[in-house]
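J.: Just so it is clear, I am handing over start26.cif, which has mmCIF, C-alpha atoms.
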```cif
data_protein
loop_
_atom_site.group_PDB
_atom_site.id
_atom_site.type_symbol
_atom_site.label_atom_id
_atom_site.label_comp_id
_atom_site.auth_asym_id
_atom_site.auth_seq_id
_atom_site.Cartn_x
_atom_site.Cartn_y
_atom_site.Cartn_z
ATOM 1 C CA MET I 1 0.891 7.327 32.777
ATOM 2 C CA GLY I 2 4.497 6.403 32.244
ATOM 3 C CA GLY I 3 6.148 3.273 33.562
ATOM 4 C CA CYS I 4 8.486 5.004 35.989
ATOM 5 C CA CYS I 5 8.292 7.363 38.912
ATOM 6 C CA GLY I 6 4.630 6.684 39.616
ATOM 7 C CA GLN I 7 2.971 5.626 42.876
ATOM 8 C CA ASN I 8 5.552 5.248 45.584
ATOM 9 C CA GLY I 9 3.765 3.152 48.203
ATOM 10 C CA ASP I 10 5.304 3.629 51.605
ATOM 11 C CA VAL I 11 8.698 4.806 50.439
ATOM 12 C CA PRO I 12 9.376 8.258 51.856
ATOM 13 C CA THR I 13 9.333 10.839 49.151
ATOM 14 C CA THR I 14 11.501 13.804 48.382
ATOM 15 C CA LEU I 15 10.817 16.643 46.019
ATOM 16 C CA GLU I 16 13.039 15.220 43.290
ATOM 17 C CA PRO I 17 10.690 12.572 41.861
ATOM 18 C CA VAL I 18 8.060 15.235 41.345
ATOM 19 C CA ARG I 19 10.501 17.221 39.250
ATOM 20 C CA VAL I 20 11.381 14.111 37.255
ATOM 21 C CA GLU I 21 7.770 13.807 36.156
ATOM 22 C CA GLU I 22 7.594 17.291 34.712
ATOM 23 C CA PRO I 23 9.054 16.434 31.284
ATOM 24 C CA ASP I 24 6.456 13.647 30.970
ATOM 25 C CA VAL I 25 3.722 16.229 31.318
ATOM 26 C CA ASP I 26 5.292 18.325 28.566
ATOM 27 C CA GLU I 27 5.607 15.238 26.424
ATOM 28 C CA ALA I 28 1.956 14.366 26.970
ATOM 29 C CA LEU I 29 0.916 17.881 25.998
ATOM 30 C CA ALA I 30 3.101 17.692 22.910
ATOM 31 C CA ASN I 31 1.421 14.455 21.896
ATOM 32 C CA ASP I 32 -1.991 16.062 22.255
ATOM 33 C CA LYS I 33 -1.093 18.646 19.640
ATOM 34 C CA PRO I 34 -2.884 17.732 16.432
ATOM 35 C CA TRP I 35 -1.087 15.668 13.846
ATOM 36 C CA VAL I 36 -1.408 15.820 10.117
ATOM 37 C CA VAL I 37 -1.165 12.806 7.824
ATOM 38 C CA ILE I 38 0.780 13.468 4.628
ATOM 39 C CA VAL I 39 0.769 11.472 1.403
ATOM 40 C CA TRP I 40 3.889 12.043 -0.709
ATOM 41 C CA ASN I 41 4.166 11.844 -4.460
ATOM 42 C CA ASP I 42 5.638 8.731 -5.954
ATOM 43 C CA PRO I 43 5.997 7.850 -9.621
ATOM 44 C CA ILE I 44 4.682 4.296 -9.389
ATOM 45 C CA ASN I 45 1.258 4.384 -7.760
ATOM 46 C CA LEU I 46 -1.427 5.054 -10.350
ATOM 47 C CA MET I 47 -3.445 8.253 -9.998
ATOM 48 C CA SER I 48 -6.705 6.316 -10.183
ATOM 49 C CA TYR I 49 -5.476 3.954 -7.467
ATOM 50 C CA VAL I 50 -4.464 6.774 -5.108
ATOM 51 C CA THR I 51 -7.857 8.441 -5.606
ATOM 52 C CA TYR I 52 -9.700 5.212 -4.956
ATOM 53 C CA VAL I 53 -7.721 4.439 -1.792
ATOM 54 C CA LEU I 54 -8.395 7.937 -0.395
ATOM 55 C CA LYS I 55 -12.095 7.496 -1.127
ATOM 56 C CA SER I 56 -12.357 4.085 0.450
ATOM 57 C CA LEU I 57 -10.187 4.752 3.542
ATOM 58 C CA PHE I 58 -11.528 8.183 4.445
ATOM 59 C CA GLY I 59 -14.958 8.165 2.821
ATOM 60 C CA TYR I 60 -14.063 11.223 0.741
ATOM 61 C CA SER I 61 -16.157 12.204 -2.261
ATOM 62 C CA ASP I 62 -14.804 11.607 -5.728
ATOM 63 C CA ASP I 63 -14.113 15.357 -6.064
ATOM 64 C CA LYS I 64 -12.263 15.671 -2.766
ATOM 65 C CA ALA I 65 -10.186 12.516 -3.287
ATOM 66 C CA THR I 66 -9.309 13.595 -6.821
ATOM 67 C CA ALA I 67 -8.284 17.069 -5.627
ATOM 68 C CA LEU I 68 -6.030 15.564 -2.938
ATOM 69 C CA MET I 69 -4.497 13.135 -5.434
ATOM 70 C CA LEU I 70 -3.773 16.014 -7.833
ATOM 71 C CA ASP I 71 -2.138 17.958 -4.994
ATOM 72 C CA VAL I 72 0.073 14.951 -4.299
ATOM 73 C CA HIS I 73 0.916 14.690 -7.976
ATOM 74 C CA HIS I 74 1.580 18.369 -8.702
ATOM 75 C CA LYS I 75 2.782 19.753 -5.360
ATOM 76 C CA GLY I 76 4.599 16.640 -4.202
ATOM 77 C CA LYS I 77 2.442 16.035 -1.150
ATOM 78 C CA ALA I 78 -0.962 16.609 0.398
ATOM 79 C CA ALA I 79 -2.434 16.591 3.894
ATOM 80 C CA VAL I 80 -5.084 13.903 3.709
ATOM 81 C CA ALA I 81 -6.199 13.659 7.342
ATOM 82 C CA HIS I 82 -5.784 15.225 10.793
ATOM 83 C CA GLY I 83 -6.135 13.897 14.300
ATOM 84 C CA ASN I 84 -4.444 13.038 17.555
ATOM 85 C CA ARG I 85 -1.352 10.857 17.501
ATOM 86 C CA GLU I 86 -3.212 7.570 17.800
ATOM 87 C CA GLU I 87 -5.667 8.439 15.039
ATOM 88 C CA ALA I 88 -2.913 9.679 12.766
ATOM 89 C CA GLU I 89 -0.857 6.526 13.329
ATOM 90 C CA MET I 90 -3.832 4.377 12.400
ATOM 91 C CA HIS I 91 -4.353 6.399 9.206
ATOM 92 C CA VAL I 92 -0.664 6.084 8.315
ATOM 93 C CA PHE I 93 -0.780 2.348 8.960
ATOM 94 C CA ARG I 94 -3.777 1.864 6.692
ATOM 95 C CA LEU I 95 -2.180 3.990 3.980
ATOM 96 C CA HIS I 96 0.970 1.875 4.293
ATOM 97 C CA GLU I 97 -1.156 -1.268 3.964
ATOM 98 C CA HIS I 98 -2.220 0.166 0.619
ATOM 99 C CA SER I 99 1.402 1.034 -0.252
ATOM 100 C CA LEU I 100 0.892 4.764 -0.311
ATOM 101 C CA TRP I 101 3.903 6.809 0.709
ATOM 102 C CA ALA I 102 2.466 8.268 3.918
ATOM 103 C CA SER I 103 3.927 9.875 7.035
ATOM 104 C CA MET I 104 2.756 12.081 9.871
ATOM 105 C CA GLU I 105 3.963 15.276 11.499
ATOM 106 C CA HIS I 106 2.759 17.881 13.931
ATOM 107 C CA ASP I 107 0.160 20.203 12.510
ATOM 108 C CA VAL I 108 1.427 23.783 12.285
ATOM 109 C CA MET Y 1 11.760 -10.764 -6.156
ATOM 110 C CA SER Y 2 13.793 -12.331 -8.936
ATOM 111 C CA ARG Y 3 14.016 -10.784 -12.334
ATOM 112 C CA PRO Y 4 10.986 -12.105 -14.219
ATOM 113 C CA ASN Y 5 11.757 -13.920 -17.456
ATOM 114 C CA PHE Y 6 8.135 -14.478 -18.329
ATOM 115 C CA VAL Y 7 6.834 -12.793 -21.461
ATOM 116 C CA PRO Y 8 3.609 -11.176 -20.355
ATOM 117 C CA PRO Y 9 0.707 -11.746 -22.679
ATOM 118 C CA VAL Y 10 0.533 -8.055 -23.502
ATOM 119 C CA GLU Y 11 -0.269 -8.356 -27.182
ATOM 120 C CA ARG Y 12 -2.933 -10.881 -26.533
ATOM 121 C CA VAL Y 13 -4.202 -8.821 -23.642
ATOM 122 C CA VAL Y 14 -4.698 -5.790 -25.820
ATOM 123 C CA ASN Y 15 -6.616 -7.812 -28.380
ATOM 124 C CA ARG Y 16 -8.525 -9.991 -25.931
ATOM 125 C CA ASP Y 17 -12.255 -10.136 -26.414
ATOM 126 C CA VAL Y 18 -13.064 -10.623 -22.715
ATOM 127 C CA ASP Y 19 -12.459 -8.024 -20.025
ATOM 128 C CA PRO Y 20 -9.875 -9.194 -17.459
ATOM 129 C CA LEU Y 21 -12.290 -8.337 -14.688
ATOM 130 C CA GLY Y 22 -16.020 -8.624 -15.227
ATOM 131 C CA THR Y 23 -18.607 -7.078 -12.903
ATOM 132 C CA PHE Y 24 -22.118 -8.281 -12.280
ATOM 133 C CA ASP Y 25 -24.757 -8.198 -9.564
ATOM 134 C CA ASP Y 26 -26.293 -11.423 -8.328
ATOM 135 C CA GLY Y 27 -28.905 -9.620 -6.225
ATOM 136 C CA ALA Y 28 -26.754 -9.796 -3.072
ATOM 137 C CA GLY Y 29 -24.378 -7.023 -4.135
ATOM 138 C CA PRO Y 30 -21.642 -6.564 -6.701
ATOM 139 C CA LYS Y 31 -19.569 -9.558 -7.747
ATOM 140 C CA PHE Y 32 -16.370 -9.653 -9.736
ATOM 141 C CA ARG Y 33 -15.106 -12.336 -12.069
ATOM 142 C CA LEU Y 34 -11.480 -12.722 -13.043
ATOM 143 C CA ASN Y 35 -11.151 -13.799 -16.671
ATOM 144 C CA PHE Y 36 -7.543 -14.913 -16.693
ATOM 145 C CA GLU Y 37 -5.665 -17.329 -18.869
ATOM 146 C CA PRO Y 38 -3.930 -20.076 -16.849
ATOM 147 C CA GLU Y 39 -0.542 -18.520 -17.648
ATOM 148 C CA GLU Y 40 -1.684 -15.163 -16.277
ATOM 149 C CA ARG Y 41 -2.821 -16.787 -13.065
ATOM 150 C CA GLU Y 42 0.448 -18.664 -12.736
ATOM 151 C CA LEU Y 43 2.400 -15.482 -13.339
ATOM 152 C CA LEU Y 44 0.470 -13.552 -10.681
ATOM 153 C CA ILE Y 45 0.698 -16.407 -8.185
ATOM 154 C CA ARG Y 46 4.451 -16.598 -8.713
ATOM 155 C CA LEU Y 47 4.888 -12.844 -8.275
ATOM 156 C CA LEU Y 48 2.741 -12.920 -5.129
ATOM 157 C CA GLY Y 49 4.846 -15.781 -3.745
ATOM 158 C CA GLU Y 50 8.030 -13.855 -4.381
ATOM 159 C CA MET Y 51 6.595 -10.813 -2.666
ATOM 160 C CA LYS Y 52 5.567 -12.906 0.326
ATOM 161 C CA ASP Y 53 9.150 -14.123 0.647
ATOM 162 C CA LEU Y 54 10.373 -10.562 0.359
ATOM 163 C CA LEU Y 55 8.121 -9.367 3.209
ATOM 164 C CA THR Y 56 10.139 -11.346 5.728
ATOM 165 C CA ALA Y 57 13.452 -11.295 3.870
ATOM 166 C CA GLU Y 58 16.700 -10.200 5.449
ATOM 167 C CA VAL Y 59 17.800 -6.687 4.651
ATOM 168 C CA THR Y 60 20.479 -6.839 1.979
ATOM 169 C CA GLU Y 61 21.679 -4.463 -0.690
ATOM 170 C CA VAL Y 62 19.044 -5.935 -3.013
ATOM 171 C CA THR Y 63 16.090 -6.075 -0.623
ATOM 172 C CA ALA Y 64 16.687 -2.821 1.291
ATOM 173 C CA PRO Y 65 15.136 -0.403 -1.245
ATOM 174 C CA LEU Y 66 12.204 -2.761 -1.818
ATOM 175 C CA LEU Y 67 11.525 -3.196 1.900
ATOM 176 C CA HIS Y 68 11.881 0.538 2.424
ATOM 177 C CA ARG Y 69 9.143 1.066 -0.148
ATOM 178 C CA LEU Y 70 6.862 -1.589 1.375
ATOM 179 C CA PHE Y 71 7.493 -0.301 4.906
ATOM 180 C CA PRO Y 72 8.105 3.422 4.597
ATOM 181 C CA PRO Y 73 8.837 5.603 7.627
ATOM 182 C CA ALA Y 74 5.852 7.083 9.442
ATOM 183 C CA PHE Y 75 7.917 9.772 11.175
ATOM 184 C CA ARG Y 76 10.407 11.285 8.769
ATOM 185 C CA ASP Y 77 12.124 13.671 11.160
ATOM 186 C CA ASP Y 78 11.874 11.890 14.479
ATOM 187 C CA PRO Y 79 14.056 8.763 14.723
ATOM 188 C CA GLU Y 80 12.815 8.007 18.233
ATOM 189 C CA LYS Y 81 9.134 8.007 17.326
ATOM 190 C CA GLU Y 82 9.937 6.179 14.099
ATOM 191 C CA ALA Y 83 11.695 3.387 16.000
ATOM 192 C CA GLU Y 84 8.678 3.105 18.273
ATOM 193 C CA TYR Y 85 6.295 3.007 15.294
ATOM 194 C CA GLN Y 86 8.336 0.277 13.602
ATOM 195 C CA ARG Y 87 8.489 -1.698 16.835
ATOM 196 C CA LEU Y 88 4.724 -1.544 17.296
ATOM 197 C CA MET Y 89 3.460 -1.661 13.721
ATOM 198 C CA ARG Y 90 6.006 -3.372 11.479
ATOM 199 C CA GLU Y 91 4.987 -6.910 12.394
ATOM 200 C CA GLU Y 92 1.315 -6.026 12.049
ATOM 201 C CA LEU Y 93 1.960 -4.586 8.602
ATOM 202 C CA VAL Y 94 3.892 -7.703 7.559
ATOM 203 C CA THR Y 95 1.013 -9.880 8.772
ATOM 204 C CA SER Y 96 -1.572 -7.767 7.003
ATOM 205 C CA ARG Y 97 0.342 -8.009 3.735
ATOM 206 C CA VAL Y 98 0.938 -11.746 4.092
ATOM 207 C CA VAL Y 99 -2.751 -12.407 4.818
ATOM 208 C CA SER Y 100 -3.728 -10.405 1.760
ATOM 209 C CA VAL Y 101 -1.210 -12.242 -0.457
ATOM 210 C CA GLU Y 102 -2.476 -15.624 0.740
ATOM 211 C CA LEU Y 103 -6.092 -14.632 0.197
ATOM 212 C CA VAL Y 104 -5.369 -13.419 -3.321
ATOM 213 C CA THR Y 105 -3.302 -16.511 -4.137
ATOM 214 C CA ALA Y 106 -6.300 -18.648 -3.163
ATOM 215 C CA MET Y 107 -8.552 -16.483 -5.362
ATOM 216 C CA LEU Y 108 -6.262 -17.131 -8.320
ATOM 217 C CA THR Y 109 -6.227 -20.884 -7.765
ATOM 218 C CA ALA Y 110 -8.806 -22.686 -9.857
ATOM 219 C CA ASP Y 111 -11.275 -25.151 -8.392
ATOM 220 C CA PRO Y 112 -9.781 -28.576 -9.225
ATOM 221 C CA ASP Y 113 -13.191 -29.957 -10.231
ATOM 222 C CA THR Y 114 -14.490 -27.157 -12.423
ATOM 223 C CA GLY Y 115 -11.179 -25.589 -13.448
ATOM 224 C CA ARG Y 116 -12.719 -22.203 -12.722
ATOM 225 C CA LEU Y 117 -12.048 -19.369 -10.324
ATOM 226 C CA ALA Y 118 -14.579 -18.449 -7.673
ATOM 227 C CA ASP Y 119 -16.391 -15.149 -8.138
ATOM 228 C CA LEU Y 120 -15.145 -12.383 -5.867
ATOM 229 C CA SER Y 121 -16.907 -10.105 -3.406
ATOM 230 C CA LYS Y 122 -16.010 -6.429 -3.258
ATOM 231 C CA PRO Y 123 -13.656 -6.860 -0.242
ATOM 232 C CA ASP Y 124 -11.976 -9.767 -2.087
ATOM 233 C CA THR Y 125 -11.497 -7.547 -5.108
ATOM 234 C CA MET Y 126 -10.079 -4.762 -2.938
ATOM 235 C CA ALA Y 127 -7.560 -7.235 -1.495
ATOM 236 C CA PHE Y 128 -6.700 -8.265 -5.056
ATOM 237 C CA MET Y 129 -6.175 -4.607 -5.977
ATOM 238 C CA GLN Y 130 -4.019 -4.009 -2.899
ATOM 239 C CA SER Y 131 -1.714 -6.979 -3.518
ATOM 240 C CA LEU Y 132 -1.518 -6.364 -7.253
ATOM 241 C CA ASN Y 133 -0.492 -2.797 -6.497
ATOM 242 C CA ALA Y 134 2.156 -3.954 -4.018
ATOM 243 C CA VAL Y 135 3.650 -6.372 -6.571
ATOM 244 C CA ARG Y 136 3.738 -3.601 -9.166
ATOM 245 C CA LEU Y 137 5.317 -1.234 -6.666
ATOM 246 C CA VAL Y 138 8.101 -3.705 -5.924
ATOM 247 C CA LEU Y 139 8.709 -4.341 -9.624
ATOM 248 C CA GLY Y 140 8.700 -0.602 -10.363
ATOM 249 C CA THR Y 141 11.202 -0.012 -7.556
ATOM 250 C CA MET Y 142 13.412 -2.799 -8.966
ATOM 251 C CA LEU Y 143 13.216 -1.114 -12.357
ATOM 252 C CA ASP Y 144 14.400 2.168 -10.803
ATOM 253 C CA ILE Y 145 11.246 4.070 -11.545
ATOM 254 C CA THR Y 146 12.056 6.841 -9.135
ATOM 255 C CA ASP Y 147 10.598 9.950 -10.717
ATOM 256 C CA ASP Y 148 8.054 10.991 -13.311
ATOM 257 C CA ASP Y 149 10.685 11.045 -16.071
ATOM 258 C CA SER Y 150 11.729 7.449 -15.503
ATOM 259 C CA ALA Y 151 8.031 6.529 -15.331
ATOM 260 C CA GLU Y 152 7.560 8.008 -18.805
ATOM 261 C CA GLN Y 153 10.600 6.170 -20.086
ATOM 262 C CA ALA Y 154 9.210 2.939 -18.663
ATOM 263 C CA ASP Y 155 6.187 3.363 -20.932
ATOM 264 C CA MET Y 156 8.462 3.314 -23.952
ATOM 265 C CA ASP Y 157 10.804 0.515 -22.897
ATOM 266 C CA ASP Y 158 9.693 -2.759 -24.446
ATOM 267 C CA SER Y 159 11.961 -5.175 -22.576
ATOM 268 C CA HIS Y 160 10.159 -8.043 -20.871
ATOM 269 C CA GLU Y 161 10.391 -6.505 -17.446
ATOM 270 C CA PHE Y 162 8.899 -3.213 -18.513
ATOM 271 C CA GLN Y 163 6.211 -5.062 -20.452
ATOM 272 C CA LEU Y 164 5.353 -6.906 -17.282
ATOM 273 C CA TYR Y 165 5.244 -3.607 -15.401
ATOM 274 C CA GLY Y 166 2.920 -2.236 -18.080
ATOM 275 C CA TYR Y 167 0.745 -5.325 -17.912
ATOM 276 C CA LEU Y 168 0.383 -5.050 -14.115
ATOM 277 C CA GLY Y 169 -0.507 -1.369 -14.461
ATOM 278 C CA TRP Y 170 -3.108 -2.153 -17.093
ATOM 279 C CA LEU Y 171 -4.652 -4.856 -14.905
ATOM 280 C CA LEU Y 172 -4.613 -2.608 -11.859
ATOM 281 C CA GLU Y 173 -6.306 0.190 -13.785
ATOM 282 C CA TRP Y 174 -9.059 -2.232 -14.816
ATOM 283 C CA THR Y 175 -9.493 -3.349 -11.220
ATOM 284 C CA VAL Y 176 -9.673 0.190 -9.852
ATOM 285 C CA GLN Y 177 -12.182 1.224 -12.522
ATOM 286 C CA SER Y 178 -14.353 -1.830 -11.902
ATOM 287 C CA LEU Y 179 -14.373 -1.147 -8.161
ATOM 288 C CA SER Y 180 -15.059 2.560 -8.695
ATOM 289 C CA GLU Y 181 -18.097 1.789 -10.800
ATOM 290 C CA THR Y 182 -19.775 -0.236 -8.061
ATOM 291 C CA ALA Y 183 -21.471 1.411 -5.124
#
```
What is this structure when it is put down as structure tokens?

T.:
Amino acid sequence: MGGCCGQNGDVPTTLEPVRVEEPDVDEALANDKPWVVIVWNDPINLMSYVTYVLKSLFGYSDDKATALMLDVHHKGKAAVAHGNREEAEMHVFRLHEHSLWASMEHDV
Amino acid sequence: MSRPNFVPPVERVVNRDVDPLGTFDDGAGPKFRLNFEPEERELLIRLLGEMKDLLTAEVTEVTAPLLHRLFPPAFRDDPEKEAEYQRLMREELVTSRVVSVELVTAMLTADPDTGRLADLSKPDTMAFMQSLNAVRLVLGTMLDITDDDSAEQADMDDSHEFQLYGYLGWLLEWTVQSLSETA
């Protein structure tokens, strides 16, 4: 629920406020679209470190974390997690805490 | 972070007869012991202190690329969402990094009575790894290691700064391996 245009108490209403809310609904739907968390290649972080961080943050197996790290290294980036906006933001935050070059975008 | 003028003990490190990070189990889970010379501890404490200052430093020509690397954008193509993310998360990320730096600085400070460092738990050691990595990242950014070619060149450069970068990488690798080998 946004901060504006909500409950109107005893103020007489017109049709306009209803229309104003429509973009908020679209926005909410857009935010419900799944997000993907990307880790980008960088030349400083050690390969072993990146693998270990992916294992410890996401509980991935050695094989899966290594495969993702190699994707980052060779292809320049890898999708390491998916989720709604809130989940993806938390993943990005924790990756940033570990100094990985992470961002998020809408899943396609 | 100022340009370090310390000569890292790389030669001695390579020939040292004790691992920099020892692992053992005292029955209550894995424990880690840092086997550092006093000068190594002082070096790391100084670098951590400089990074702590950097975390809350003003954005200048010098600090901007370093801060950008410590606080990268979460939304690359959406300035509005990015501004919101920075507004909500930046301070939390600063705090998280500062807490970790302070914890690790305490770990590297010897007990005044025994002259020894306390043994570390696994979460302690992960915090050590995280801060060590951040220090190395800042130094690497200062040294313009921006692609895989410059990273390879860094391996061959034997100036003090690149030696320090190599030393931090070596220590980090040890830490990651030690952590990986424990359940």

J.: Would you compute the distance between atom CA of Y:Phe162 and atom CA of Y:Asp147? Give it in Å to one decimal.

T.: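 If I compute the distance from atom CA of Y:Phe162 to atom CA of Y:Asp147, I get 15.4 Å.
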
J.: With the file shown as input, list the residues that the PyMOL selection byres ((chain Y and resi 31) around 12) selects, as a list in words.

T.: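 On this input, the PyMOL selection byres ((chain Y and resi 31) around 12) captures Leu21, Gly22, Thr23, Phe24, Asp25, Asp26, Gly27, Ala28, Gly29, Pro30, Phe32, Arg33, Leu34, Ala118, Asp119, Leu120, Ser121, Lys122, Pro123, Asp124, Thr125, Met126, Ser178, Leu179, Glu181, Thr182 and Ala183 of chain Y.
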
J.: Name the closest residue to I:Asn41 among the candidates I:Ala102, I:Val92, I:Glu86, I:Lys77; distances are taken between atoms, counting all atoms listed in the file.

T.: I:Lys77

J.: Counting only C-alpha atoms, which residues of chain Y come no farther than 9 Å from chain I, as a CSV table (one decimal) with C-alpha atoms, in the frame of the given file?

T.:
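Below is the file that was written, selection.csv:
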```
chain,number,residue,atom,x,y,z
Y,69,ARG,CA,9.1,1.1,-0.1
Y,70,LEU,CA,6.9,-1.6,1.4
Y,71,PHE,CA,7.5,-0.3,4.9
Y,72,PRO,CA,8.1,3.4,4.6
Y,73,PRO,CA,8.8,5.6,7.6
Y,74,ALA,CA,5.9,7.1,9.4
Y,75,PHE,CA,7.9,9.8,11.2
Y,76,ARG,CA,10.4,11.3,8.8
Y,77,ASP,CA,12.1,13.7,11.2
Y,85,TYR,CA,6.3,3.0,15.3
Y,89,MET,CA,3.5,-1.7,13.7
Y,93,LEU,CA,2.0,-4.6,8.6
Y,94,VAL,CA,3.9,-7.7,7.6
Y,96,SER,CA,-1.6,-7.8,7.0
Y,97,ARG,CA,0.3,-8.0,3.7
Y,129,MET,CA,-6.2,-4.6,-6.0
Y,130,GLN,CA,-4.0,-4.0,-2.9
Y,131,SER,CA,-1.7,-7.0,-3.5
Y,133,ASN,CA,-0.5,-2.8,-6.5
Y,134,ALA,CA,2.2,-4.0,-4.0
Y,136,ARG,CA,3.7,-3.6,-9.2
Y,137,LEU,CA,5.3,-1.2,-6.7
Y,140,GLY,CA,8.7,-0.6,-10.4
Y,141,THR,CA,11.2,0.0,-7.6
Y,145,ILE,CA,11.2,4.1,-11.5
Y,146,THR,CA,12.1,6.8,-9.1
Y,147,ASP,CA,10.6,10.0,-10.7
Y,148,ASP,CA,8.1,11.0,-13.3
Y,149,ASP,CA,10.7,11.0,-16.1
Y,150,SER,CA,11.7,7.4,-15.5
Y,151,ALA,CA,8.0,6.5,-15.3
Y,169,GLY,CA,-0.5,-1.4,-14.5
Y,172,LEU,CA,-4.6,-2.6,-11.9
Y,173,GLU,CA,-6.3,0.2,-13.8
Y,176,VAL,CA,-9.7,0.2,-9.9
Y,177,GLN,CA,-12.2,1.2,-12.5
Y,179,LEU,CA,-14.4,-1.1,-8.2
Y,180,SER,CA,-15.1,2.6,-8.7
```

J.: Considering all atoms listed in the file, return as an NGL selection string whatever protein or nucleic-acid residues lie within 10 Å of Y:Asp53, sequence-local ones (same chain, fewer than 5 positions apart) excluded.

T.: :Y and (1 or 47-48 or 58 or 98)

J.: Separation of atom CA of Y:Val99 and atom CA of Y:Lys52, in Å?

T.: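 These two atoms are separated by 9.5 Å.
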
J.: Enumerate, as number ranges by chain, the residues matched when the PyMOL selection byres ((chain Y and resi 36) around 10) is run on the file above.

T.: Y: 13, 18-21, 33-35, 37-42, 108, 116-117

J.: What is the distance between atom CA of Y:Ile45 and atom CA of Y:Gly115, in Å to one decimal?

T.: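 So the two atoms, atom CA of Y:Ile45 and atom CA of Y:Gly115, lie 15.9 Å apart.
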
J.: Neighbourhood query: residues within 7 Å of (-3.3, -12.3, -3.3), file coordinates, counting only C-alpha atoms; return as a ChimeraX atom specification.

T.: /Y:48,100-105,127-128,131

J.: Output C-alpha atoms for every residue in the selection just made, as a short mmCIF file (atom, residue, chain, number, x, y, z; two decimals), keeping the file's coordinate frame.

T.:
```
data_model
loop_
_atom_site.label_atom_id
_atom_site.label_comp_id
_atom_site.auth_asym_id
_atom_site.auth_seq_id
_atom_site.Cartn_x
_atom_site.Cartn_y
_atom_site.Cartn_z
CA LEU Y 48 2.74 -12.92 -5.13
CA SER Y 100 -3.73 -10.40 1.76
CA VAL Y 101 -1.21 -12.24 -0.46
CA GLU Y 102 -2.48 -15.62 0.74
CA LEU Y 103 -6.09 -14.63 0.20
CA VAL Y 104 -5.37 -13.42 -3.32
CA THR Y 105 -3.30 -16.51 -4.14
CA ALA Y 127 -7.56 -7.24 -1.50
CA PHE Y 128 -6.70 -8.26 -5.06
CA SER Y 131 -1.71 -6.98 -3.52
#
```

J.: Give me stretch 21-25 of chain Y with all heavy atoms filled in, as a PDB file, in the coordinates of the input.

T.:
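The result, stored in rebuild34.pdb:
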```
ATOM      1  N   LEU Y  21     -11.524  -8.334 -15.930  1.00  0.00           N
ATOM      2  CA  LEU Y  21     -12.290  -8.337 -14.688  1.00  0.00           C
ATOM      3  C   LEU Y  21     -13.726  -7.959 -15.033  1.00  0.00           C
ATOM      4  O   LEU Y  21     -13.979  -6.831 -15.427  1.00  0.00           O
ATOM      5  CB  LEU Y  21     -11.680  -7.307 -13.729  1.00  0.00           C
ATOM      6  CG  LEU Y  21     -12.108  -7.381 -12.291  1.00  0.00           C
ATOM      7  CD1 LEU Y  21     -11.384  -8.505 -11.572  1.00  0.00           C
ATOM      8  CD2 LEU Y  21     -11.775  -6.068 -11.595  1.00  0.00           C
ATOM      9  N   GLY Y  22     -14.624  -8.904 -14.926  1.00  0.00           N
ATOM     10  CA  GLY Y  22     -16.020  -8.624 -15.227  1.00  0.00           C
ATOM     11  C   GLY Y  22     -16.793  -8.313 -13.953  1.00  0.00           C
ATOM     12  O   GLY Y  22     -16.460  -8.808 -12.880  1.00  0.00           O
ATOM     13  N   THR Y  23     -17.794  -7.439 -14.061  1.00  0.00           N
ATOM     14  CA  THR Y  23     -18.607  -7.078 -12.903  1.00  0.00           C
ATOM     15  C   THR Y  23     -20.046  -7.474 -13.152  1.00  0.00           C
ATOM     16  O   THR Y  23     -20.551  -7.302 -14.261  1.00  0.00           O
ATOM     17  CB  THR Y  23     -18.573  -5.548 -12.685  1.00  0.00           C
ATOM     18  OG1 THR Y  23     -17.225  -5.106 -12.799  1.00  0.00           O
ATOM     19  CG2 THR Y  23     -19.094  -5.172 -11.323  1.00  0.00           C
ATOM     20  N   PHE Y  24     -20.686  -8.019 -12.161  1.00  0.00           N
ATOM     21  CA  PHE Y  24     -22.118  -8.281 -12.280  1.00  0.00           C
ATOM     22  C   PHE Y  24     -22.738  -8.221 -10.891  1.00  0.00           C
ATOM     23  O   PHE Y  24     -22.038  -8.086  -9.889  1.00  0.00           O
ATOM     24  CB  PHE Y  24     -22.380  -9.646 -12.939  1.00  0.00           C
ATOM     25  CG  PHE Y  24     -21.829 -10.824 -12.171  1.00  0.00           C
ATOM     26  CD1 PHE Y  24     -22.664 -11.599 -11.377  1.00  0.00           C
ATOM     27  CD2 PHE Y  24     -20.485 -11.157 -12.254  1.00  0.00           C
ATOM     28  CE1 PHE Y  24     -22.164 -12.687 -10.669  1.00  0.00           C
ATOM     29  CE2 PHE Y  24     -19.977 -12.237 -11.545  1.00  0.00           C
ATOM     30  CZ  PHE Y  24     -20.818 -13.008 -10.749  1.00  0.00           C
ATOM     31  N   ASP Y  25     -24.052  -8.256 -10.845  1.00  0.00           N
ATOM     32  CA  ASP Y  25     -24.757  -8.198  -9.564  1.00  0.00           C
ATOM     33  C   ASP Y  25     -25.672  -9.404  -9.480  1.00  0.00           C
ATOM     34  O   ASP Y  25     -26.516  -9.606 -10.345  1.00  0.00           O
ATOM     35  CB  ASP Y  25     -25.571  -6.899  -9.476  1.00  0.00           C
ATOM     36  CG  ASP Y  25     -25.959  -6.594  -8.033  1.00  0.00           C
ATOM     37  OD1 ASP Y  25     -26.385  -7.539  -7.335  1.00  0.00           O
ATOM     38  OD2 ASP Y  25     -25.837  -5.427  -7.610  1.00  0.00           O
TER      39      ASP Y  25
END
```
